[in-house]
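Participant: So I've got this file, my_file_13.cif, and it contains mmCIF, C-alpha atoms and all ligand atoms:
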data_work
loop_
_atom_site.group_PDB
_atom_site.id
_atom_site.type_symbol
_atom_site.label_atom_id
_atom_site.label_comp_id
_atom_site.auth_asym_id
_atom_site.auth_seq_id
_atom_site.Cartn_x
_atom_site.Cartn_y
_atom_site.Cartn_z
ATOM 1 C CA MET C 1 105.090 90.701 92.366
ATOM 2 C CA ILE C 2 104.257 94.380 92.869
ATOM 3 C CA PRO C 3 101.648 96.168 95.032
ATOM 4 C CA LEU C 4 98.317 96.695 93.265
ATOM 5 C CA GLN C 5 95.451 99.136 93.772
ATOM 6 C CA ARG C 6 92.056 97.446 93.903
ATOM 7 C CA PRO C 7 89.338 99.706 92.424
ATOM 8 C CA PRO C 8 86.031 99.946 94.320
ATOM 9 C CA LEU C 9 82.977 98.061 93.094
ATOM 10 C CA HIS C 10 80.042 100.027 91.709
ATOM 11 C CA ASP C 11 76.796 99.538 93.640
ATOM 12 C CA ARG C 12 75.050 97.277 91.139
ATOM 13 C CA LEU C 13 77.888 94.787 90.932
ATOM 14 C CA ALA C 14 78.335 94.847 94.743
ATOM 15 C CA ALA C 15 74.616 94.029 95.163
ATOM 16 C CA ASP C 16 74.852 91.251 92.557
ATOM 17 C CA LEU C 17 77.843 89.647 94.355
ATOM 18 C CA ALA C 18 76.086 89.928 97.743
ATOM 19 C CA ARG C 19 72.983 88.245 96.301
ATOM 20 C CA ARG C 20 75.085 85.397 94.903
ATOM 21 C CA THR C 21 76.830 84.930 98.262
ATOM 22 C CA GLU C 22 73.456 84.698 99.987
ATOM 23 C CA ALA C 23 72.371 82.046 97.476
ATOM 24 C CA ILE C 24 75.444 79.933 98.408
ATOM 25 C CA ARG C 25 74.643 80.418 102.090
ATOM 26 C CA ALA C 26 71.048 79.328 101.519
ATOM 27 C CA ALA C 27 72.120 76.255 99.523
ATOM 28 C CA GLY C 28 74.600 75.265 102.254
ATOM 29 C CA PRO C 29 78.159 76.572 101.771
ATOM 30 C CA SER C 30 80.440 73.875 100.360
ATOM 31 C CA THR C 31 83.048 73.440 97.648
ATOM 32 C CA ALA C 32 80.363 72.074 95.335
ATOM 33 C CA THR C 33 77.821 74.877 95.853
ATOM 34 C CA GLY C 34 80.557 77.534 95.586
ATOM 35 C CA ARG C 35 82.054 76.088 92.397
ATOM 36 C CA SER C 36 78.685 75.511 90.803
ATOM 37 C CA ALA C 37 77.571 79.089 91.517
ATOM 38 C CA TRP C 38 80.869 80.440 90.160
ATOM 39 C CA ARG C 39 80.673 78.366 86.993
ATOM 40 C CA THR C 40 77.293 79.778 86.024
ATOM 41 C CA ALA C 41 77.894 83.457 86.951
ATOM 42 C CA ARG C 42 79.085 84.386 83.475
ATOM 43 C CA GLU C 43 77.988 88.025 83.468
ATOM 44 C CA SER C 44 79.344 88.792 86.951
ATOM 45 C CA LYS C 45 82.682 87.217 86.049
ATOM 46 C CA ALA C 46 82.948 89.344 82.904
ATOM 47 C CA LYS C 47 82.480 92.490 85.010
ATOM 48 C CA LEU C 48 84.997 91.318 87.604
ATOM 49 C CA ARG C 49 87.503 90.539 84.873
ATOM 50 C CA THR C 50 87.197 94.090 83.519
ATOM 51 C CA LEU C 51 88.003 95.478 86.969
ATOM 52 C CA LEU C 52 90.907 93.062 87.424
ATOM 53 C CA HIS C 53 92.340 94.187 84.096
ATOM 54 C CA ARG C 54 92.447 97.732 85.508
ATOM 55 C CA MET C 55 94.463 96.457 88.469
ATOM 56 C CA ALA C 56 96.835 94.172 86.593
ATOM 57 C CA PRO C 57 100.540 95.009 86.257
ATOM 58 C CA GLY C 58 102.048 95.731 82.837
ATOM 59 C CA LEU C 59 100.081 94.353 79.919
ATOM 60 C CA LEU C 60 97.422 92.370 81.844
ATOM 61 C CA ARG C 61 100.078 90.242 83.488
ATOM 62 C CA CYS C 62 99.500 87.568 86.111
ATOM 63 C CA MET C 63 99.436 89.163 89.567
ATOM 64 C CA TYR C 64 101.586 86.371 91.010
ATOM 65 C CA CYS C 65 104.383 85.543 88.548
ATOM 66 C CA GLY C 66 104.142 88.839 86.596
ATOM 67 C CA ASP C 67 105.285 87.028 83.460
ATOM 68 C CA ASN C 68 102.363 85.363 81.683
ATOM 69 C CA LEU C 69 99.101 86.841 80.476
ATOM 70 C CA GLY C 70 96.539 86.955 83.303
ATOM 71 C CA THR C 71 93.777 84.727 81.972
ATOM 72 C CA ASP C 72 92.027 83.358 85.068
ATOM 73 C CA ILE C 73 90.165 84.885 87.990
ATOM 74 C CA ASP C 74 91.875 83.284 90.968
ATOM 75 C CA HIS C 75 90.256 82.948 94.375
ATOM 76 C CA PHE C 76 93.047 84.021 96.704
ATOM 77 C CA GLU C 77 91.449 82.010 99.499
ATOM 78 C CA PRO C 78 90.313 78.927 97.555
ATOM 79 C CA ILE C 79 86.604 78.124 97.179
ATOM 80 C CA ALA C 80 87.350 74.710 98.710
ATOM 81 C CA ARG C 81 88.340 76.462 101.929
ATOM 82 C CA ALA C 82 86.004 79.442 101.932
ATOM 83 C CA PRO C 83 82.932 78.894 99.714
ATOM 84 C CA LEU C 84 81.295 82.028 101.114
ATOM 85 C CA ARG C 85 84.179 84.052 99.648
ATOM 86 C CA THR C 86 83.445 82.820 96.105
ATOM 87 C CA PHE C 87 81.947 86.218 95.205
ATOM 88 C CA ASP C 88 84.049 88.348 97.569
ATOM 89 C CA TRP C 89 85.676 91.012 95.404
ATOM 90 C CA HIS C 90 88.595 91.234 97.857
ATOM 91 C CA ASN C 91 89.257 87.555 97.230
ATOM 92 C CA HIS C 92 89.747 87.875 93.450
ATOM 93 C CA LEU C 93 93.081 88.258 91.678
ATOM 94 C CA LEU C 94 94.089 87.827 88.049
ATOM 95 C CA ALA C 95 96.373 84.834 87.497
ATOM 96 C CA CYS C 96 97.887 83.023 84.548
ATOM 97 C CA ALA C 97 96.621 79.502 83.869
ATOM 98 C CA TYR C 98 99.929 78.044 85.058
ATOM 99 C CA CYS C 99 99.977 79.843 88.438
ATOM 100 C CA ASN C 100 96.284 79.128 88.959
ATOM 101 C CA SER C 101 95.989 75.516 87.832
ATOM 102 C CA ASN C 102 99.492 74.079 88.163
ATOM 103 C CA ARG C 103 100.932 75.899 91.165
ATOM 104 C CA LYS C 104 98.384 77.385 93.553
ATOM 105 C CA ARG C 105 95.369 75.138 92.928
ATOM 106 C CA ASP C 106 93.710 74.812 96.384
ATOM 107 C CA LEU C 107 96.895 75.583 98.305
ATOM 108 C CA PHE C 108 96.589 78.184 101.023
ATOM 109 C CA PRO C 109 99.403 77.682 103.546
ATOM 110 C CA CYS C 110 98.766 79.052 107.023
ATOM 111 C CA ASP C 111 100.895 79.583 110.109
ATOM 112 C CA PRO C 112 100.356 76.542 112.343
ATOM 113 C CA VAL C 113 100.321 78.666 115.502
ATOM 114 C CA THR C 114 98.481 81.863 114.569
ATOM 115 C CA GLY C 115 96.437 80.513 111.653
ATOM 116 C CA ALA C 116 97.378 83.604 109.592
ATOM 117 C CA HIS C 117 97.678 82.899 105.881
ATOM 118 C CA LEU C 118 101.166 82.748 104.418
ATOM 119 C CA LEU C 119 100.681 83.949 100.853
ATOM 120 C CA ILE C 120 101.308 87.534 99.812
ATOM 121 C CA ASP C 121 98.171 89.330 98.648
ATOM 122 C CA PRO C 122 99.558 92.102 96.398
ATOM 123 C CA ALA C 123 96.304 94.057 96.695
ATOM 124 C CA ARG C 124 96.597 94.260 100.478
ATOM 125 C CA GLU C 125 100.313 94.503 101.196
ATOM 126 C CA ASP C 126 103.588 95.481 99.609
ATOM 127 C CA PRO C 127 105.331 92.337 98.352
ATOM 128 C CA ALA C 128 108.672 94.106 98.897
ATOM 129 C CA ASP C 129 108.119 93.707 102.660
ATOM 130 C CA HIS C 130 108.406 89.952 102.149
ATOM 131 C CA LEU C 131 110.483 89.468 98.997
ATOM 132 C CA LEU C 132 113.821 90.839 97.849
ATOM 133 C CA LEU C 133 114.615 90.599 94.132
ATOM 134 C CA TYR C 134 118.281 90.218 93.250
ATOM 135 C CA LEU C 135 118.365 92.033 89.931
ATOM 136 C CA GLU C 136 121.610 90.561 88.644
ATOM 137 C CA SER C 137 120.560 86.945 89.191
ATOM 138 C CA GLY C 138 116.804 87.365 88.700
ATOM 139 C CA SER C 139 116.124 85.355 91.873
ATOM 140 C CA TYR C 140 113.972 86.227 94.839
ATOM 141 C CA GLN C 141 114.985 85.926 98.463
ATOM 142 C CA GLY C 142 112.256 85.394 101.025
ATOM 143 C CA LEU C 143 112.496 87.924 103.857
ATOM 144 C CA THR C 144 109.633 86.517 105.941
ATOM 145 C CA PRO C 145 107.726 83.217 106.247
ATOM 146 C CA LYS C 146 105.179 84.759 103.859
ATOM 147 C CA GLY C 147 107.919 85.503 101.357
ATOM 148 C CA HIS C 148 109.269 81.934 101.564
ATOM 149 C CA ALA C 149 105.800 80.380 101.190
ATOM 150 C CA THR C 150 104.969 82.609 98.199
ATOM 151 C CA ILE C 151 108.228 81.708 96.419
ATOM 152 C CA ASP C 152 107.517 78.039 97.081
ATOM 153 C CA VAL C 153 103.830 77.940 96.057
ATOM 154 C CA PHE C 154 104.306 79.891 92.812
ATOM 155 C CA GLY C 155 107.752 78.497 91.992
ATOM 156 C CA LEU C 156 109.125 82.021 91.637
ATOM 157 C CA ASN C 157 112.716 80.714 91.714
ATOM 158 C CA SER C 158 112.252 77.150 90.473
ATOM 159 C CA ARG C 159 110.616 78.181 87.174
ATOM 160 C CA GLY C 160 113.763 78.834 85.152
ATOM 161 C CA GLU C 161 111.960 80.948 82.553
ATOM 162 C CA LEU C 162 110.820 83.403 85.261
ATOM 163 C CA VAL C 163 114.327 83.813 86.657
ATOM 164 C CA ARG C 164 115.855 84.228 83.198
ATOM 165 C CA GLY C 165 113.089 86.638 82.185
ATOM 166 C CA ARG C 166 113.751 88.864 85.212
ATOM 167 C CA ARG C 167 117.494 88.813 84.576
ATOM 168 C CA LEU C 168 117.020 89.796 80.924
ATOM 169 C CA ALA C 169 114.416 92.411 81.855
ATOM 170 C CA PHE C 170 117.007 94.028 84.121
ATOM 171 C CA THR C 171 119.383 94.321 81.148
ATOM 172 C CA VAL C 172 116.571 95.887 79.093
ATOM 173 C CA VAL C 173 115.639 98.325 81.888
ATOM 174 C CA LYS C 174 119.228 99.577 82.156
ATOM 175 C CA SER C 175 119.444 99.966 78.404
ATOM 176 C CA LEU C 176 116.095 101.829 78.167
ATOM 177 C CA LEU C 177 117.149 104.156 80.997
ATOM 178 C CA ARG C 178 120.351 105.062 79.192
ATOM 179 C CA GLU C 179 118.469 105.530 75.921
ATOM 180 C CA TRP C 180 115.854 107.701 77.638
ATOM 181 C CA HIS C 181 118.643 109.879 78.980
ATOM 182 C CA ALA C 182 120.166 110.241 75.517
ATOM 183 C CA GLN C 183 116.792 111.097 73.926
ATOM 184 C CA ARG C 184 115.270 113.370 76.535
ATOM 185 C CA LYS C 185 116.548 116.616 75.041
ATOM 186 C CA VAL C 186 116.871 115.743 71.363
ATOM 187 C CA SER C 187 113.527 113.970 71.049
ATOM 188 C CA PRO C 188 111.204 114.374 74.060
ATOM 189 C CA ASP C 189 108.427 112.362 72.329
ATOM 190 C CA ALA C 190 110.706 109.391 71.769
ATOM 191 C CA ALA C 191 111.926 109.698 75.366
ATOM 192 C CA GLY C 192 108.300 109.721 76.559
ATOM 193 C CA GLU C 193 107.628 106.503 74.647
ATOM 194 C CA LEU C 194 110.643 104.888 76.282
ATOM 195 C CA ALA C 195 109.377 105.912 79.737
ATOM 196 C CA ASP C 196 105.967 104.402 78.883
ATOM 197 C CA ALA C 197 107.658 101.226 77.674
ATOM 198 C CA LEU C 198 109.477 100.955 81.001
ATOM 199 C CA VAL C 199 106.219 101.287 82.925
ATOM 200 C CA VAL C 200 104.413 98.540 80.986
ATOM 201 C CA LEU C 201 107.435 96.272 80.817
ATOM 202 C CA TRP C 202 106.270 92.682 81.194
ATOM 203 C CA GLN C 203 108.340 92.171 84.340
ATOM 204 C CA ALA C 204 106.972 95.039 86.425
ATOM 205 C CA ASP C 205 108.699 93.651 89.516
ATOM 206 C CA VAL C 206 112.098 94.317 87.926
ATOM 207 C CA LEU C 207 111.355 98.005 87.312
ATOM 208 C CA ARG C 208 109.951 98.359 90.808
ATOM 209 C CA ALA C 209 113.094 96.792 92.299
ATOM 210 C CA VAL C 210 115.214 99.208 90.253
ATOM 211 C CA VAL C 211 113.150 102.210 91.420
ATOM 212 C CA ARG C 212 113.396 101.063 95.057
ATOM 213 C CA LEU C 213 117.134 100.560 94.662
ATOM 214 C CA ALA C 214 117.476 104.272 93.812
ATOM 215 C CA ARG C 215 116.688 105.026 97.477
ATOM 216 C CA THR C 216 120.155 103.692 98.303
ATOM 217 C CA PRO C 217 122.363 105.730 95.926
ATOM 218 C CA PRO C 218 125.763 104.035 96.468
ATOM 219 C CA LEU C 219 124.230 100.579 95.977
ATOM 220 C CA ALA C 220 122.136 101.781 93.020
ATOM 221 C CA GLU C 221 125.206 103.127 91.258
ATOM 222 C CA ALA C 222 127.078 99.882 91.831
ATOM 223 C CA VAL C 223 124.227 97.679 90.548
ATOM 224 C CA LEU C 224 122.922 99.873 87.712
ATOM 225 C CA GLY C 225 126.173 101.449 86.616
ATOM 226 C CA PRO C 226 126.755 105.217 86.702
ATOM 227 C CA ASP C 227 124.958 106.055 83.419
ATOM 228 C CA ALA C 228 121.736 104.160 84.089
ATOM 229 C CA HIS C 229 121.749 105.412 87.674
ATOM 230 C CA ALA C 230 122.090 109.051 86.566
ATOM 231 C CA ALA C 231 119.284 108.496 84.029
ATOM 232 C CA LEU C 232 117.014 107.006 86.692
ATOM 233 C CA ARG C 233 117.599 109.943 89.021
ATOM 234 C CA GLN C 234 116.719 112.381 86.263
ATOM 235 C CA LEU C 235 113.674 110.367 85.234
ATOM 236 C CA ALA C 236 112.429 110.163 88.836
ATOM 237 C CA TYR C 237 112.727 113.943 89.038
ATOM 238 C CA GLN C 238 110.597 114.423 85.911
ATOM 239 C CA ASP C 239 108.106 111.562 86.143
ATOM 240 C CA ARG C 240 106.421 110.527 89.386
ATOM 241 C CA ARG C 241 105.828 107.000 88.067
ATOM 242 C CA PHE C 242 109.526 106.426 88.781
ATOM 243 C CA THR C 243 109.569 107.557 92.406
HETATM 244 ZN ZN ZN A 301 101.434 83.482 86.759
#
In structure tokens, write the structure found in this file.
Ligand SMILES: [Zn+2]
Facilitator:
Amino acid sequence: MIPLQRPPLHDRLAADLARRTEAIRAAGPSTATGRSAWRTARESKAKLRTLLHRMAPGLLRCMYCGDNLGTDIDHFEPIARAPLRTFDWHNHLLACAYCNSNRKRDLFPCDPVTGAHLLIDPAREDPADHLLLYLESGSYQGLTPKGHATIDVFGLNSRGELVRGRRLAFTVVKSLLREWHAQRKVSPDAAGELADALVVLWQADVLRAVVRLARTPPLAEAVLGPDAHAALRQLAYQDRRFT
């Protein structure tokens, strides 16, 4: 999971979503009225999907697991709990079918004392404040109750293919960094393509963890190895996407 920038809505779409919310309010907000209104709002959903694609990490990846193609518009706070948020743009995230239908469903864990929700919203906060990715193992450690709940709900450590994918992606990132370093003077175009490949890598959380690691040079050198670490430092100097 990486932090995401939510683009603003244009006026026409904002007015359309507000009108649809008012219709749910008038019909009596419930799971049924919310879901029924959502099901039939084909045109609005197509526009929302286009905006979510602009926000999505890598190649339209799921905003939760970062691994699968983001196919579904997920209601961060489920319709069953907040029908009046059915058309709230700040309540929409792009999820894969597995995260949406098999993991999150209508789950929305909250702190029993404060009532604050316990899932990370990557469009509102930096997941790194709650989750630490161990690059060599591919596993996440929860740093806060929110981190623990997010790992649990989405199965970020129990889905073996996610853990293995992150571990392998780390190997690929190190290799691409070294290759970029080797190419940067002999073939700047090829080096540029490698830098682009790193940015759209399917496991964007792995690259972000590597970039964050560079803030702690002794640790970065130990984890990345001296060559990949030197390449990352040079790349960060030349390309602000790596800072
Ligand atoms: Zn997913």
Participant: Hey, which residues sit close to ligand ZN 301 (chain A)? Say within 10 Å, counting all atoms listed in the file, and write them as a PyMOL selection string.
Facilitator: chain C and resi 1+61-72+94-104+154-156+162
Participant: Which is closer to Ala169 of chain C than all the others in C:Trp89, C:Tyr134, C:Trp202, C:Phe76, using only C-alpha atoms?
Facilitator: C:Trp202
Participant: For a quick check of understanding, using all atoms listed in the file, which of C:Trp180, C:Leu213, C:Asp11, C:Asp74 has the smallest distance to Leu132 of chain C?
Facilitator: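 So, comparing all the options, the nearest one is C:Leu213.
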Participant: Quick check on the file I pasted: which residues fall under the PyMOL selection byres (((chain C and resi 109-117) around 10) and not hetatm)? Write them as a ChimeraX atom specification.
Facilitator: /C:77,106-108,118-121,145-146,149-150,153
Participant: Using all atoms listed in the file, pick whichever of C:Asp205, C:Arg6, C:Pro29, C:Ala15 has the shortest atom-to-atom distance to His53 of chain C.
Facilitator: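 Using all atoms listed in the file, His53 of chain C sits closest to C:Arg6.
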Participant: Within 9 Å of Ala32 of chain C, counting only C-alpha atoms, which residues qualify if same-chain residues fewer than 2 places away don't, as a ChimeraX atom specification?
Facilitator: /C:29-30,34-37,79-80,83
Participant: So, counting all atoms listed in the file, which residue among C:Val186, C:Ala236, C:Met55, C:Val200 is closest to Arg212 of chain C?
Facilitator: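 Of C:Val186, C:Ala236, C:Met55, C:Val200, the one nearest Arg212 of chain C is C:Ala236, counting all atoms listed in the file.
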Participant: Here's a test: counting only C-alpha atoms, identify every protein, DNA and RNA residue with an atom at most 12 Å from (88.5, 95.0, 81.6) in the file's coordinate frame, and state them as an MDAnalysis selection string.
Facilitator: chainID C and resid 7 45:56 59:60 70:71 94
Participant: Go through the shown structure with the PyMOL selection byres (((chain C and resi 220) around 12) and not hetatm) and write out the matching residues as a list in words.
Facilitator: Leu135, Lys174, Ala209, Val210, Val211, Arg212, Leu213, Ala214, Arg215, Thr216, Pro217, Pro218, Leu219, Glu221, Ala222, Val223, Leu224, Gly225, Pro226, Asp227, Ala228, His229, Ala230, Ala231, Leu232 and Arg233 of chain C
Participant: Of the residues C:Gly138, C:Gly28, C:Pro188, C:Pro78, which is the one nearest to Arg166 of chain C, using only C-alpha atoms?
Facilitator: C:Gly138
Participant: Just checking: using only C-alpha atoms, which residue out of C:Leu235, C:Val199, C:Ala23, C:Leu207 ends up closest to Gly58 of chain C?
Facilitator: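 Of all the options, C:Val199 lies closest to Gly58 of chain C.
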Participant: Between atom CA of Leu93 of chain C and atom CA of His75 of chain C, measure the distance and give it in Å to one decimal.
Facilitator: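 Interatomic distance, atom CA of Leu93 of chain C to atom CA of His75 of chain C: 6.6 Å.
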Participant: Could you tell me how far atom CA of Gly147 of chain C lies from atom CA of His130 of chain C, in Å and to one decimal?
Facilitator: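 We find that atom CA of Gly147 of chain C and atom CA of His130 of chain C lie 4.5 Å from each other.
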Participant: Tell me, in Å to one decimal, how far atom CA of Pro57 of chain C is from atom CA of Ala195 of chain C.
Facilitator: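 Between these atoms lies a distance of 15.5 Å.
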Participant: Give the padded box for segment 61-65 of chain C as JSON: axis-aligned, covering all atoms listed in the file, 8 Å on each side, centre and edge lengths in Å to one decimal.
Facilitator:
{"center_x": 101.9, "center_y": 87.9, "center_z": 87.2, "size_x": 20.9, "size_y": 20.7, "size_z": 23.5}
Participant: Please provide as a ChimeraX atom specification all residues within 7 Å of Leu84 of chain C, with the sequence filter that same-chain residues fewer than 2 positions apart are discarded (counting all atoms listed in the file).
Facilitator: /C:21,24-25,29,82,86
Participant: I'd like the neighbourhood of Leu168 of chain C as a count of residues only, where a residue qualifies if any of its atoms comes within 10 Å (using all atoms listed in the file), though same-chain residues fewer than 4 positions away should be ignored.
Facilitator: 11
